[in-house]
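Encoded as structure tokens, the structure appears first; notes follow it.
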Amino acid sequence: MKKRVYDDACGTAHALELIGDRWALLVIRELLLGPKRFSDLRTGLPGISANVLTQRLEELEENGIVVRRELPPPASAKVYALTPWGLEAEELVKVVGKWAARSPSHDPSLPLSVSSAVMSMRTMFSAQRAKGISGTIGFRFGREEFLARFDNGKFEIARGDIAKADAQVEGDQQAWAGAVYGGVPLKGLEKSGALKIAGDRRLVERVLTVFPLPAKAEAP
């Protein structure tokens, strides 16, 4: 298939030439939290076919956005990672995501990958609401672990050891998103087995308020 070309010097037009094809930006989203194997990318993007994913990765690699690496033994697995320039696309992913969340037709109940759930917290974080909150929370979603640090209006989350976190949240990322964005009570999620919470429960309850969704745009 011939690559879309706009014949337009505008940077926005060139950006669409680079990442405007279907799935390209979502592949980048899945890699923002670190390298992944092909099979891991398929897991995070269940609607994509193997052929299309292969094509998108090849295009992103040709454009200097993605690079293939081989992990050292004993893993010896091939992974895909974002280049330093590719990682700069995080701000683009966040801005687009926050803008689209205002859409009256956005359906937050659709499936959410682990990377998407974590990136949503980076995107929606409100420094103002987080004033006075300090501590660490470890998240375990499936096989993936992330350590979140809150420091009086500052927030960062990345893959890391969660053993010594002040609190730990384990379970389904969709359930956590329901608590954060949908107001689903933690007790109900715990009772159903969707989430398990250990350690400083008060800290977990407080951080639920620091990821507000933007107001919806007026429907036509």
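The chains in the structure tokens are called A, B, ... from first to last as shown; in each chain the residues are counted from 1, and the ligands are counted from 1 in the order shown.
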
>> Need the shell around Ala198 of chain A: protein/DNA/RNA residues with any atom at most 12 Å away, counting only C-alpha atoms. Skip same-chain ones fewer than 3 positions apart. Format as a list in words?
In response: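 So the residues in contact are Ile137, Gly138, Phe139, Arg140, Ile162, Ala163, Lys164, Ala165, Asp166, Ala167, Gln168, Val169, Glu170, Gly171, Glu190, Leu195, Arg201, Arg202, Leu203, Val204 and Glu205 of chain A.
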
Now that the selection is made, can you save its residues with N, CA and C atoms as a short mmCIF file (atom, residue, chain, number, x, y, z; two decimals), in the first residue's frame?
data_model
loop_
_atom_site.label_atom_id
_atom_site.label_comp_id
_atom_site.auth_asym_id
_atom_site.auth_seq_id
_atom_site.Cartn_x
_atom_site.Cartn_y
_atom_site.Cartn_z
N ILE A 137 2.87 4.38 45.61
CA ILE A 137 1.90 3.31 45.39
C ILE A 137 2.45 2.39 44.31
N GLY A 138 2.45 1.11 44.60
CA GLY A 138 2.86 0.12 43.61
C GLY A 138 1.65 -0.49 42.95
N PHE A 139 1.66 -0.56 41.65
CA PHE A 139 0.56 -1.15 40.89
C PHE A 139 1.04 -2.43 40.22
N ARG A 140 0.25 -3.48 40.35
CA ARG A 140 0.55 -4.73 39.65
C ARG A 140 -0.67 -5.08 38.80
N ILE A 162 7.91 -2.68 43.40
CA ILE A 162 6.82 -2.16 44.23
C ILE A 162 6.82 -2.74 45.64
N ALA A 163 7.82 -3.56 45.96
CA ALA A 163 7.81 -4.27 47.25
C ALA A 163 7.79 -3.33 48.45
N LYS A 164 8.47 -2.19 48.36
CA LYS A 164 8.56 -1.29 49.51
C LYS A 164 7.66 -0.06 49.39
N ALA A 165 6.70 -0.11 48.47
CA ALA A 165 5.77 1.01 48.30
C ALA A 165 4.89 1.15 49.54
N ASP A 166 4.44 2.36 49.80
CA ASP A 166 3.57 2.60 50.96
C ASP A 166 2.24 1.87 50.83
N ALA A 167 1.79 1.70 49.60
CA ALA A 167 0.55 0.97 49.33
C ALA A 167 0.72 0.18 48.04
N GLN A 168 -0.06 -0.87 47.91
CA GLN A 168 0.00 -1.68 46.69
C GLN A 168 -1.41 -1.94 46.18
N VAL A 169 -1.58 -1.78 44.88
CA VAL A 169 -2.85 -2.07 44.22
C VAL A 169 -2.60 -3.16 43.20
N GLU A 170 -3.33 -4.24 43.30
CA GLU A 170 -3.14 -5.37 42.39
C GLU A 170 -4.47 -5.78 41.79
N GLY A 171 -4.45 -6.08 40.50
CA GLY A 171 -5.67 -6.56 39.86
C GLY A 171 -5.79 -6.13 38.43
N GLU A 190 -12.94 -4.58 45.50
CA GLU A 190 -12.24 -5.57 46.32
C GLU A 190 -13.11 -6.79 46.59
N LEU A 195 -9.84 -6.02 42.40
CA LEU A 195 -8.68 -5.32 42.94
C LEU A 195 -8.35 -5.84 44.34
N ARG A 201 -4.09 2.40 52.85
CA ARG A 201 -5.34 2.52 52.09
C ARG A 201 -5.77 3.97 51.94
N ARG A 202 -5.53 4.79 52.96
CA ARG A 202 -5.90 6.19 52.92
C ARG A 202 -5.20 6.89 51.75
N LEU A 203 -3.95 6.56 51.51
CA LEU A 203 -3.21 7.15 50.39
C LEU A 203 -3.88 6.79 49.07
N VAL A 204 -4.26 5.54 48.92
CA VAL A 204 -4.93 5.10 47.68
C VAL A 204 -6.23 5.87 47.48
N GLU A 205 -7.01 6.02 48.54
CA GLU A 205 -8.28 6.74 48.45
C GLU A 205 -8.07 8.20 48.08
#

>> Using only C-alpha atoms, which protein or nucleic acid residues come within 8 Å of segment 12-23 of chain A? Drop anything in the same chain fewer than 5 positions from it, and give the result as a PyMOL selection string.
In response: chain A and resi 3-6+48+53+56+60+63

>> Quick check for you: according to DSSP on this backbone, which residues of segment 25-98 of chain A are classed as strand (DSSP E)? Reply as an NGL selection string.
In response: :A and (66-70 or 78-82)

Write out, as a CSV table (one decimal), in the first residue's frame, the residues just selected, with N, CA and C atoms.
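The resulting file, selection.csv, is reproduced below:
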chain,number,residue,atom,x,y,z
A,66,VAL,N,11.0,4.1,16.0
A,66,VAL,CA,11.1,2.8,16.7
A,66,VAL,C,12.4,2.1,16.3
A,67,VAL,N,13.0,1.4,17.3
A,67,VAL,CA,14.2,0.6,17.0
A,67,VAL,C,14.0,-0.8,17.5
A,68,ARG,N,14.5,-1.8,16.8
A,68,ARG,CA,14.5,-3.2,17.3
A,68,ARG,C,15.8,-3.5,18.1
A,69,ARG,N,15.6,-4.2,19.2
A,69,ARG,CA,16.7,-4.6,20.0
A,69,ARG,C,16.6,-6.1,20.4
A,70,GLU,N,17.8,-6.6,20.8
A,70,GLU,CA,17.7,-8.0,21.3
A,70,GLU,C,18.2,-8.0,22.7
A,78,LYS,N,13.8,-10.6,21.1
A,78,LYS,CA,13.7,-9.4,20.3
A,78,LYS,C,12.6,-8.5,20.8
A,79,VAL,N,12.9,-7.2,21.0
A,79,VAL,CA,11.9,-6.3,21.5
A,79,VAL,C,11.9,-5.0,20.6
A,80,TYR,N,10.9,-4.3,20.7
A,80,TYR,CA,10.8,-3.0,20.1
A,80,TYR,C,10.8,-1.9,21.1
A,81,ALA,N,11.5,-0.8,20.8
A,81,ALA,CA,11.6,0.3,21.7
A,81,ALA,C,11.5,1.6,21.0
A,82,LEU,N,11.1,2.7,21.6
A,82,LEU,CA,11.1,4.0,21.0
A,82,LEU,C,12.5,4.6,21.1

> What is the atom CA of Ser116 of chain A to atom CA of Gly182 of chain A distance in Å?
Replying inline: 15.8 Å

> Restricting the calculation to only C-alpha atoms, which member of A:Ser134, A:Gln55, A:Gln173, A:Asn152 is positioned closest to Lys196 of chain A?
Replying inline: A:Gln173

Polymer residues at most 9 Å from Ala179 of chain A, only C-alpha atoms, same-chain spacing of 5 or more positions, as a tab-separated table (two decimals) with C-alpha atoms, in the first residue's frame:
chain	number	residue	atom	x	y	z
A	174	GLN	CA	-9.94	-1.75	33.85
A	184	VAL	CA	-16.68	2.88	41.31
A	185	PRO	CA	-16.22	2.24	45.07
A	186	LEU	CA	-12.99	0.49	46.00
A	189	LEU	CA	-14.02	-3.81	43.48
A	208	LEU	CA	-8.35	8.71	43.32

> Of the residues A:Pro35, A:Ala89, A:Pro73, A:Ala24, which is the one nearest to Val52 of chain A, using only C-alpha atoms?
Replying inline: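 Under the stated criterion, the closest residue is A:Ala24.
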